[in-house]
Every structure is written in structure tokens, then in C-alpha cells.
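Below is target.cif, holding mmCIF, C-alpha atoms.
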```cif
data_final
loop_
_atom_site.label_atom_id
_atom_site.label_comp_id
_atom_site.auth_asym_id
_atom_site.auth_seq_id
_atom_site.Cartn_x
_atom_site.Cartn_y
_atom_site.Cartn_z
CA MET X 996 -21.29 58.58 191.05
CA SER X 997 -22.75 61.74 189.53
CA GLU X 998 -21.47 65.12 190.62
CA ALA X 999 -23.78 67.56 192.38
CA PRO X 1000 -24.97 70.36 190.07
CA ALA X 1001 -22.97 73.57 190.35
CA ALA X 1002 -24.59 76.34 192.36
CA GLU X 1003 -26.11 79.20 190.42
CA PRO X 1004 -23.75 82.19 190.27
CA LEU X 1005 -24.55 85.29 192.28
CA ARG X 1006 -25.97 87.90 189.88
CA VAL X 1007 -25.00 91.47 190.75
CA CYS X 1008 -25.84 94.82 189.16
CA VAL X 1009 -23.46 97.73 189.77
CA VAL X 1010 -24.54 101.40 189.69
CA ASP X 1011 -22.19 104.36 190.15
CA ASP X 1012 -22.10 107.77 188.46
CA ASP X 1013 -18.37 107.35 187.74
CA PRO X 1014 -17.93 105.01 184.73
CA PHE X 1015 -14.38 104.19 185.84
CA VAL X 1016 -15.63 103.04 189.25
CA THR X 1017 -18.41 100.99 187.67
CA ALA X 1018 -16.02 99.33 185.24
CA SER X 1019 -13.46 98.66 187.98
CA LEU X 1020 -16.06 97.08 190.28
CA ALA X 1021 -17.37 94.98 187.41
CA THR X 1022 -13.84 93.73 186.69
CA ILE X 1023 -13.13 92.94 190.35
CA LEU X 1024 -16.42 91.11 190.88
CA SER X 1025 -16.28 89.22 187.57
CA ALA X 1026 -12.96 87.75 188.67
CA GLU X 1027 -14.82 85.88 191.42
CA PRO X 1028 -15.82 82.37 190.25
CA ASP X 1029 -19.27 82.55 191.81
CA ILE X 1030 -20.26 86.11 190.81
CA VAL X 1031 -21.65 87.39 187.52
CA VAL X 1032 -22.13 91.10 186.81
CA ALA X 1033 -25.58 91.20 185.19
CA GLY X 1034 -25.58 94.90 184.35
CA GLU X 1035 -24.17 98.37 184.98
CA GLY X 1036 -25.78 101.78 185.45
CA HIS X 1037 -24.76 105.33 186.25
CA ASP X 1038 -27.66 107.00 188.08
CA GLY X 1039 -30.77 106.24 190.12
CA GLU X 1040 -33.12 106.11 187.14
CA GLU X 1041 -30.88 103.55 185.46
CA ALA X 1042 -30.70 101.61 188.73
CA VAL X 1043 -34.50 101.29 188.88
CA ALA X 1044 -34.74 100.24 185.23
CA LEU X 1045 -31.78 97.87 185.59
CA PHE X 1046 -33.32 96.14 188.59
CA GLU X 1047 -36.66 95.73 186.83
CA ARG X 1048 -34.97 94.25 183.77
CA GLU X 1049 -32.36 92.01 185.39
CA ARG X 1050 -33.80 91.22 188.85
CA PRO X 1051 -30.30 90.68 190.27
CA ASP X 1052 -29.57 88.85 193.50
CA VAL X 1053 -27.91 92.02 194.78
CA LEU X 1054 -27.93 95.63 193.60
CA LEU X 1055 -24.64 97.33 194.50
CA MET X 1056 -25.16 101.09 194.29
CA ASP X 1057 -23.57 104.43 195.12
CA ILE X 1058 -25.55 106.90 197.26
CA GLN X 1059 -24.64 110.28 195.81
CA MET X 1060 -25.41 110.47 192.09
CA PRO X 1061 -26.73 113.31 189.90
CA GLY X 1062 -30.47 113.45 189.31
CA VAL X 1063 -32.05 110.55 191.14
CA GLY X 1064 -29.67 109.49 193.90
CA GLY X 1065 -29.12 106.06 195.36
CA LEU X 1066 -31.41 106.52 198.37
CA GLU X 1067 -34.37 107.59 196.24
CA ALA X 1068 -33.73 104.77 193.76
CA ALA X 1069 -33.56 102.24 196.60
CA GLU X 1070 -36.79 103.57 198.07
CA ARG X 1071 -38.57 103.11 194.74
CA ILE X 1072 -37.13 99.63 194.20
CA LEU X 1073 -37.93 98.42 197.72
CA ALA X 1074 -41.44 99.84 197.57
CA ALA X 1075 -42.12 97.69 194.50
CA HIS X 1076 -39.92 94.74 195.53
CA PRO X 1077 -39.57 94.48 199.35
CA GLU X 1078 -37.46 91.37 198.92
CA ALA X 1079 -34.80 93.25 196.91
CA ARG X 1080 -31.27 93.17 198.27
CA VAL X 1081 -29.72 96.63 198.00
CA VAL X 1082 -26.18 97.25 199.20
CA PHE X 1083 -24.78 100.77 199.21
CA LEU X 1084 -21.15 101.28 198.29
CA THR X 1085 -19.99 104.82 198.92
CA THR X 1086 -17.15 107.03 200.06
CA PHE X 1087 -19.43 108.56 202.73
CA SER X 1088 -19.84 107.16 206.25
CA ASP X 1089 -22.07 110.12 207.10
CA ASP X 1090 -24.39 109.42 210.03
CA GLU X 1091 -27.50 110.63 208.25
CA TYR X 1092 -26.81 108.52 205.16
CA ILE X 1093 -26.30 105.46 207.35
CA VAL X 1094 -29.57 106.03 209.21
CA ARG X 1095 -31.58 106.62 206.03
CA ALA X 1096 -30.08 103.62 204.27
CA LEU X 1097 -30.83 101.27 207.15
CA ARG X 1098 -34.34 102.63 207.62
CA LEU X 1099 -35.07 102.10 203.94
CA GLY X 1100 -34.25 98.42 204.35
CA ALA X 1101 -30.84 98.32 202.67
CA LYS X 1102 -28.98 95.08 203.30
CA GLY X 1103 -25.57 96.67 203.52
CA TYR X 1104 -23.52 99.86 203.67
CA LEU X 1105 -19.93 99.50 202.53
CA ILE X 1106 -17.09 101.96 201.98
CA LYS X 1107 -15.41 101.99 198.55
CA GLN X 1108 -11.95 101.99 200.03
CA GLU X 1109 -12.62 98.56 201.60
CA VAL X 1110 -12.51 96.81 198.21
CA ALA X 1111 -11.46 93.41 199.57
CA THR X 1112 -14.65 93.14 201.64
CA ILE X 1113 -17.11 93.67 198.78
CA ALA X 1114 -17.37 90.13 197.36
CA PRO X 1115 -17.58 88.44 200.79
CA ALA X 1116 -20.18 91.01 201.83
CA LEU X 1117 -22.34 90.23 198.80
CA ARG X 1118 -22.19 86.53 199.62
CA SER X 1119 -23.26 87.28 203.20
CA VAL X 1120 -26.21 89.31 201.95
CA THR X 1121 -27.46 86.46 199.76
CA ALA X 1122 -27.12 84.18 202.79
CA GLY X 1123 -29.64 86.36 204.62
CA GLN X 1124 -27.35 88.69 206.54
CA SER X 1125 -27.00 92.46 206.59
CA VAL X 1126 -23.47 93.81 206.27
CA LEU X 1127 -21.61 96.92 207.33
CA GLY X 1128 -18.09 98.00 206.46
CA GLY X 1129 -15.66 98.32 209.36
CA GLU X 1130 -15.75 102.13 209.35
CA VAL X 1131 -19.54 102.19 209.14
CA LEU X 1132 -19.89 99.63 211.91
CA GLY X 1133 -17.88 101.95 214.12
CA ARG X 1134 -20.23 104.82 213.34
CA VAL X 1135 -23.36 102.76 214.06
CA ASP X 1136 -21.82 101.52 217.29
CA ALA X 1137 -21.14 105.13 218.34
CA LEU X 1138 -24.63 106.23 217.35
CA MET X 1139 -26.31 103.46 219.27
CA ARG X 1140 -24.15 103.63 222.39
CA GLY X 1141 -22.96 107.16 222.99
CA ALA X 1142 -23.99 109.68 220.39
CA VAL X 1143 -27.71 109.07 220.58
CA PRO X 1144 -29.59 110.56 223.53
CA PRO X 1145 -32.54 108.79 225.17
CA ALA X 1146 -35.72 108.85 223.14
CA PRO X 1147 -37.79 112.00 223.79
CA GLU X 1148 -40.48 111.58 226.41
CA PRO X 1149 -44.07 111.79 225.09
CA ALA X 1150 -44.72 114.91 227.14
CA ARG X 1151 -41.83 116.68 225.41
CA LEU X 1152 -43.12 115.67 221.99
CA GLU X 1153 -46.56 116.91 222.95
CA ALA X 1154 -45.00 120.32 223.60
CA LEU X 1155 -44.23 120.61 219.88
CA THR X 1156 -46.65 122.34 217.57
CA GLU X 1157 -48.68 120.31 215.08
CA ARG X 1158 -46.37 121.47 212.28
CA GLU X 1159 -43.27 120.54 214.28
CA ARG X 1160 -44.65 117.08 215.00
CA ALA X 1161 -45.30 116.58 211.30
CA ILE X 1162 -41.71 117.55 210.52
CA VAL X 1163 -40.35 115.22 213.23
CA GLY X 1164 -42.30 112.36 211.67
CA LEU X 1165 -40.86 113.07 208.24
CA VAL X 1166 -37.32 113.38 209.62
CA ALA X 1167 -37.84 110.00 211.29
CA GLU X 1168 -38.92 108.57 207.92
CA GLY X 1169 -35.52 109.60 206.54
CA LEU X 1170 -36.57 112.57 204.40
CA ASP X 1171 -34.10 115.43 203.94
CA ASN X 1172 -35.01 119.13 204.15
CA LYS X 1173 -35.84 119.42 200.45
CA GLU X 1174 -38.13 116.40 200.54
CA ILE X 1175 -39.86 117.61 203.71
CA ALA X 1176 -40.37 121.04 202.17
CA ALA X 1177 -41.98 119.48 199.09
CA ARG X 1178 -44.21 117.21 201.18
CA LEU X 1179 -45.46 120.04 203.43
CA TYR X 1180 -45.44 122.81 200.79
CA LEU X 1181 -42.85 124.85 202.69
CA SER X 1182 -39.55 126.43 201.74
CA GLU X 1183 -36.34 124.65 202.68
CA GLY X 1184 -35.41 127.61 204.86
CA THR X 1185 -38.66 127.29 206.82
CA VAL X 1186 -38.06 123.58 207.33
CA ARG X 1187 -34.52 124.30 208.50
CA ASN X 1188 -35.81 126.87 211.00
CA HIS X 1189 -38.44 124.47 212.31
CA ILE X 1190 -35.86 121.73 212.80
CA SER X 1191 -33.55 124.10 214.68
CA ALA X 1192 -36.44 125.01 217.00
CA ILE X 1193 -37.34 121.33 217.50
CA LEU X 1194 -33.76 120.39 218.35
CA GLN X 1195 -33.61 123.18 220.89
CA LYS X 1196 -36.90 122.15 222.51
CA LEU X 1197 -35.84 118.49 222.74
CA ALA X 1198 -32.23 119.26 223.72
CA LEU X 1199 -30.81 117.33 220.76
CA LYS X 1200 -27.75 118.23 218.71
CA ASN X 1201 -28.69 117.43 215.11
CA ARG X 1202 -31.35 115.94 212.84
CA THR X 1203 -29.60 112.57 212.85
CA GLN X 1204 -30.01 112.32 216.62
CA LEU X 1205 -33.63 113.38 216.22
CA ALA X 1206 -34.33 110.68 213.63
CA ILE X 1207 -32.62 107.91 215.59
CA ALA X 1208 -34.05 108.98 218.95
CA PHE X 1209 -37.56 109.16 217.50
CA TYR X 1210 -37.18 105.79 215.82
CA ARG X 1211 -35.87 104.19 219.00
CA GLY X 1212 -38.73 105.71 220.98
CA VAL X 1213 -41.33 104.35 218.58
CA THR X 1214 -39.84 100.87 218.31
CA GLU X 1215 -39.20 100.57 222.04
CA GLY X 1216 -42.82 101.43 222.67
CA ARG X 1217 -43.94 98.87 220.10
CA ASP X 1218 -41.42 96.12 220.78
CA ARG X 1219 -39.37 96.63 223.92
CA GLY X 1220 -35.63 96.35 223.41
CA THR X 1221 -35.42 96.74 219.64
CA GLY X 1222 -33.85 99.47 217.57
CA ILE X 1223 -32.36 100.07 214.17
CA MET X 1224 -29.80 97.41 214.95
CA SER X 1225 -29.15 95.65 218.23
CA HIS X 1226 -25.64 96.16 219.59
CA SER X 1227 -25.69 92.69 221.11
CA ASN X 1228 -25.98 90.96 217.72
CA MET X 1229 -23.41 93.01 215.81
CA SER X 1230 -20.31 91.41 214.33
CA ALA X 1231 -17.33 92.97 212.60
CA LYS X 1232 -18.40 92.15 209.06
CA ALA X 1233 -21.97 90.83 209.09
CA LEU X 1234 -25.14 91.28 211.08
CA PRO X 1235 -27.92 88.73 211.50
CA ARG X 1236 -30.89 89.44 209.30
CA ARG X 1237 -33.74 91.48 210.76
CA ARG X 1238 -36.76 93.34 209.49
CA MET X 1239 -36.18 97.07 209.07
#
```
As C-alpha cells, how would this structure be written, given the file I've shared?
Amino acid sequence: MSEAPAAEPLRVCVVDDDPFVTASLATILSAEPDIVVAGEGHDGEEAVALFERERPDVLLMDIQMPGVGGLEAAERILAAHPEARVVFLTTFSDDEYIVRALRLGAKGYLIKQEVATIAPALRSVTAGQSVLGGEVLGRVDALMRGAVPPAPEPARLEALTERERAIVGLVAEGLDNKEIAARLYLSEGTVRNHISAILQKLALKNRTQLAIAFYRGVTEGRDRGTGIMSHSNMSAKALPRRRM
């Protein structure tokens, strides 16, 4: 009786601006019998080139890196390869980073301190799931249940000026102040002032609430009952796959 052929190993590329972190992650993952580290990089530009060259099953990448950061690199990769599996591994569970990463279509957002969860999370991603670290899951749960106000009513959005509506749309796309300023040919200070005025008009506390509330308003109008991630289908370590 012939044995079944062995499954192909999971090919992972690791990108972090700290060479020690990259090397450590490569060592930890290579110790897994079903994982092969296909390449390493240290900034967003290298991440894009590495993905194009290696086409890994999963790209494991830091968010904050000098030059081109992880979010921008992921945006470029996913624009060219919508099927790409990008998992962010970072020390930051910042609300805005979480929102931007999920809106981009990232398949996971893990915290570096939760080292033991990384390999299982990568396996879940290749099985078609999206994954969140325990700390991040708690933040998303808070955002979706208590920290996010109801979506702004259309009449309130109509009260905004044309410029303010343009800025709200870009915030909802996940752009930061610098990116919005470049897109609209404004200074960062002007963008910051506009956002402060918008938050006051809509009775919101911060730009993260604005982005999530706007997104929820749009998706609820388009497909009743959906959002960035449904609370009802969350689990502690993995989330069922869904289109972002």
C-alpha cells in the first residue's frame, strides 16, 4: 500500500525592520515541520519585491518600518494580488492600525509578544480564516460593541462642506493625515483642523471612530447587518473568512 504524498510545506516570507526580530522569527518558524521561510526583508519596498519574487503562501510583516511601512506595502501588494495573504505582526494594538489593516484586506493582525500563536495563526490563514491575536481581538470587540457610536445619519453628513466630505471619505479609506494632505493638495495642519471640525459636527471622539462609523454606515446601507467583522462570528483565535 503506497503512502499518500506529503503535503506541500507552508511558504512564509518575514519582513521586519529589526534584523534580530526577522532572524528570530525565521528560526522559530523554520522549527515547524510544515513551514518553510522562503525569504526575509526589512522594509516595505523589500516586502513588495520579496512577494513578487517568492509568491509566498503568507507574508508576515511588521507595520511600522522606515521608508515604506507595512500598511503601504500591503496596499501595493493587495492591489496587484488580491488573493495575497498578508498577516501583520506588530507591537502595536492601536485602534487606527487595526482598522486600516482590516480594511486593506489583511488576513491577520498579531502581537509580537504572543509568539506561541504565530505558527497556528499562519496555518489558519492558509485554511481560509482571518486571525486576530488575543489582545487585538479585545480591541476589535470593544470597537464594535462599545467604543463605536452609531453611524452618522445622512442628514448630518450632508451638513458637512464638500471639502469635509472628501476628507471623511479618505479617512474611511484608511488614509492618514499626511496621505490625505497629499491627495487633496493641503497641508497636514489644514487636514488636522478639518478633521477636528468634522468630529465636532458629528459628535465623534476621534478619527478612528469616524472611519469605523462611516464604514459601518456604508456597509449597512449596502448589505444590512454587515460590518468590518461580525461580532457573532468571532472566535478567540480565528475568524471565518469574509471579503473585506
Review point. Got a sec to resolve the PyMOL selection byres ((chain X and resi 1104) around 8) on this structure and send the residues as an NGL selection string?
Key: :X and (1082-1085 or 1093 or 1096 or 1101-1103 or 1105-1106 or 1126-1128 or 1131)
Take the residues from that selection and put them in a file with C-alpha atoms, as a PDB file, in the frame of the given file.
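Wrote again34.pdb, looks like this:
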```pdb
ATOM      1  CA  VAL X1082     -26.180  97.250 199.200  1.00  0.00           C
ATOM      2  CA  PHE X1083     -24.780 100.770 199.210  1.00  0.00           C
ATOM      3  CA  LEU X1084     -21.150 101.280 198.290  1.00  0.00           C
ATOM      4  CA  THR X1085     -19.990 104.820 198.920  1.00  0.00           C
ATOM      5  CA  ILE X1093     -26.300 105.460 207.350  1.00  0.00           C
ATOM      6  CA  ALA X1096     -30.080 103.620 204.270  1.00  0.00           C
ATOM      7  CA  ALA X1101     -30.840  98.320 202.670  1.00  0.00           C
ATOM      8  CA  LYS X1102     -28.980  95.080 203.300  1.00  0.00           C
ATOM      9  CA  GLY X1103     -25.570  96.670 203.520  1.00  0.00           C
ATOM     10  CA  LEU X1105     -19.930  99.500 202.530  1.00  0.00           C
ATOM     11  CA  ILE X1106     -17.090 101.960 201.980  1.00  0.00           C
ATOM     12  CA  VAL X1126     -23.470  93.810 206.270  1.00  0.00           C
ATOM     13  CA  LEU X1127     -21.610  96.920 207.330  1.00  0.00           C
ATOM     14  CA  GLY X1128     -18.090  98.000 206.460  1.00  0.00           C
ATOM     15  CA  VAL X1131     -19.540 102.190 209.140  1.00  0.00           C
TER      16      VAL X1131
END
```
Practice item. Point out the residue among X:Asp1029, X:Glu1109, X:Glu1040, X:Glu1159 with the least atom-to-atom distance to Arg1071 in chain X, counting only C-alpha atoms. Key: X:Glu1040
Is there a way to get, as a CSV table (one decimal) with C-alpha atoms, in the frame of the given file, all residues within 7 Å of the point (-30.5, 91.0, 188.6) in file coordinates, counting only C-alpha atoms?
```
chain,number,residue,atom,x,y,z
X,1006,ARG,CA,-26.0,87.9,189.9
X,1007,VAL,CA,-25.0,91.5,190.8
X,1008,CYS,CA,-25.8,94.8,189.2
X,1033,ALA,CA,-25.6,91.2,185.2
X,1046,PHE,CA,-33.3,96.1,188.6
X,1049,GLU,CA,-32.4,92.0,185.4
X,1050,ARG,CA,-33.8,91.2,188.8
X,1051,PRO,CA,-30.3,90.7,190.3
X,1052,ASP,CA,-29.6,88.8,193.5
X,1053,VAL,CA,-27.9,92.0,194.8
```
Check your understanding: Do you know which residues the PyMOL selection byres ((chain X and resi 1158) around 12) returns on this file, as a VMD selection string?
Key -> chain X and resid 1152 to 1157 1159 to 1165 1175 to 1176 1179 to 1181 1185 to 1186 1188 to 1190 1192 to 1193
**Study point:** Distance in Å - CA of Glu1035 in chain X versus CA of Asp1012 in chain X
**Key:** 10.2 Å
Practice item. To one decimal in Å, tell me the separation between CA of Glu1070 in chain X and CA of Leu1099 in chain X. Key: 6.3 Å
Practice item. Kindly indicate which residue among X:Ala1114, X:Glu1078, X:Asp1013, X:Gly1100 lies nearest to Ser1025 in chain X, using all atoms listed in the file for the distances. Key: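 Of the candidates, the smallest distance to Ser1025 in chain X is held by X:Ala1114.
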Exercise for review: Do a neighbour search on Val1009 in chain X at 9 Å with all atoms listed in the file, toss out local chain neighbours closer than 2 positions, and write the hits as a PyMOL selection string.
Suggested key: chain X and resi 1007+1011+1017-1018+1020-1021+1032-1037+1042+1053-1057
Review point. To one decimal place, how far is CA of Arg1048 in chain X from CA of Arg1095 in chain X in Å?
Key: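 One can read the CA of Arg1048 in chain X to CA of Arg1095 in chain X distance as 25.7 Å.
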Using the file's own x, y and z axes, what box holds all listed atoms of range 1164-1182 of chain X with 4 Å on each side, keeping edges along x, y and z, and what are its centre and edge lengths in Å to one decimal, as lines of an AutoDock Vina configuration file?
```
center_x = -39.8
center_y = 117.5
center_z = 205.4
size_x = 19.4
size_y = 25.9
size_z = 20.6
```
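Distances from X:Asp1171, X:Pro1115, X:Val1016, X:Arg1098 to Ile1030 in chain X were compared using only C-alpha atoms, and the smallest one belongs to X:Pro1115.
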Exercise for review: Name the residues that the PyMOL selection byres ((chain X and resi 1039) around 6) pulls out of this structure, and write them as a list in words.
Suggested key: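 Selection result, ordered by chain and number: Asp1038, Glu1040, Glu1041, Ala1042, Val1063, Gly1064, Gly1065 and Ala1068 of chain X.
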Please complete range 1085-1106 of chain X with N, CA and C atoms and give it back as a CSV table (one decimal), keeping the file's coordinate frame.
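Generated output (rebuild-v1.csv):
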```csv
chain,number,residue,atom,x,y,z
X,1085,THR,N,-20.2,103.4,199.0
X,1085,THR,CA,-20.0,104.8,198.9
X,1085,THR,C,-18.7,105.2,199.6
X,1086,THR,N,-18.3,106.5,199.4
X,1086,THR,CA,-17.2,107.0,200.1
X,1086,THR,C,-17.6,107.7,201.3
X,1087,PHE,N,-18.9,107.8,201.6
X,1087,PHE,CA,-19.4,108.6,202.7
X,1087,PHE,C,-19.9,107.6,203.9
X,1088,SER,N,-19.3,107.9,205.1
X,1088,SER,CA,-19.8,107.2,206.2
X,1088,SER,C,-20.6,108.2,207.1
X,1089,ASP,N,-21.3,109.1,206.4
X,1089,ASP,CA,-22.1,110.1,207.1
X,1089,ASP,C,-23.2,109.5,207.9
X,1090,ASP,N,-23.4,110.0,209.1
X,1090,ASP,CA,-24.4,109.4,210.0
X,1090,ASP,C,-25.8,109.4,209.4
X,1091,GLU,N,-26.1,110.5,208.8
X,1091,GLU,CA,-27.5,110.6,208.2
X,1091,GLU,C,-27.7,109.6,207.1
X,1092,TYR,N,-26.7,109.5,206.2
X,1092,TYR,CA,-26.8,108.5,205.2
X,1092,TYR,C,-27.0,107.1,205.7
X,1093,ILE,N,-26.2,106.8,206.7
X,1093,ILE,CA,-26.3,105.5,207.4
X,1093,ILE,C,-27.7,105.2,207.9
X,1094,VAL,N,-28.2,106.2,208.6
X,1094,VAL,CA,-29.6,106.0,209.2
X,1094,VAL,C,-30.6,105.9,208.1
X,1095,ARG,N,-30.6,106.7,207.1
X,1095,ARG,CA,-31.6,106.6,206.0
X,1095,ARG,C,-31.5,105.3,205.3
X,1096,ALA,N,-30.3,104.9,205.0
X,1096,ALA,CA,-30.1,103.6,204.3
X,1096,ALA,C,-30.6,102.4,205.1
X,1097,LEU,N,-30.3,102.4,206.3
X,1097,LEU,CA,-30.8,101.3,207.2
X,1097,LEU,C,-32.3,101.3,207.3
X,1098,ARG,N,-32.9,102.5,207.5
X,1098,ARG,CA,-34.3,102.6,207.6
X,1098,ARG,C,-35.1,102.3,206.3
X,1099,LEU,N,-34.5,102.5,205.2
X,1099,LEU,CA,-35.1,102.1,203.9
X,1099,LEU,C,-35.2,100.6,203.8
X,1100,GLY,N,-34.3,99.9,204.5
X,1100,GLY,CA,-34.2,98.4,204.4
X,1100,GLY,C,-33.1,97.9,203.5
X,1101,ALA,N,-32.0,98.8,203.4
X,1101,ALA,CA,-30.8,98.3,202.7
X,1101,ALA,C,-30.2,97.2,203.4
X,1102,LYS,N,-29.6,96.2,202.7
X,1102,LYS,CA,-29.0,95.1,203.3
X,1102,LYS,C,-27.5,95.3,203.6
X,1103,GLY,N,-27.0,96.4,203.2
X,1103,GLY,CA,-25.6,96.7,203.5
X,1103,GLY,C,-25.2,98.1,203.2
X,1104,TYR,N,-24.1,98.5,203.9
X,1104,TYR,CA,-23.5,99.9,203.7
X,1104,TYR,C,-22.0,99.7,203.8
X,1105,LEU,N,-21.4,99.7,202.6
X,1105,LEU,CA,-19.9,99.5,202.5
X,1105,LEU,C,-19.2,100.8,202.0
X,1106,ILE,N,-17.9,100.8,202.4
X,1106,ILE,CA,-17.1,102.0,202.0
X,1106,ILE,C,-16.2,101.5,200.8
```
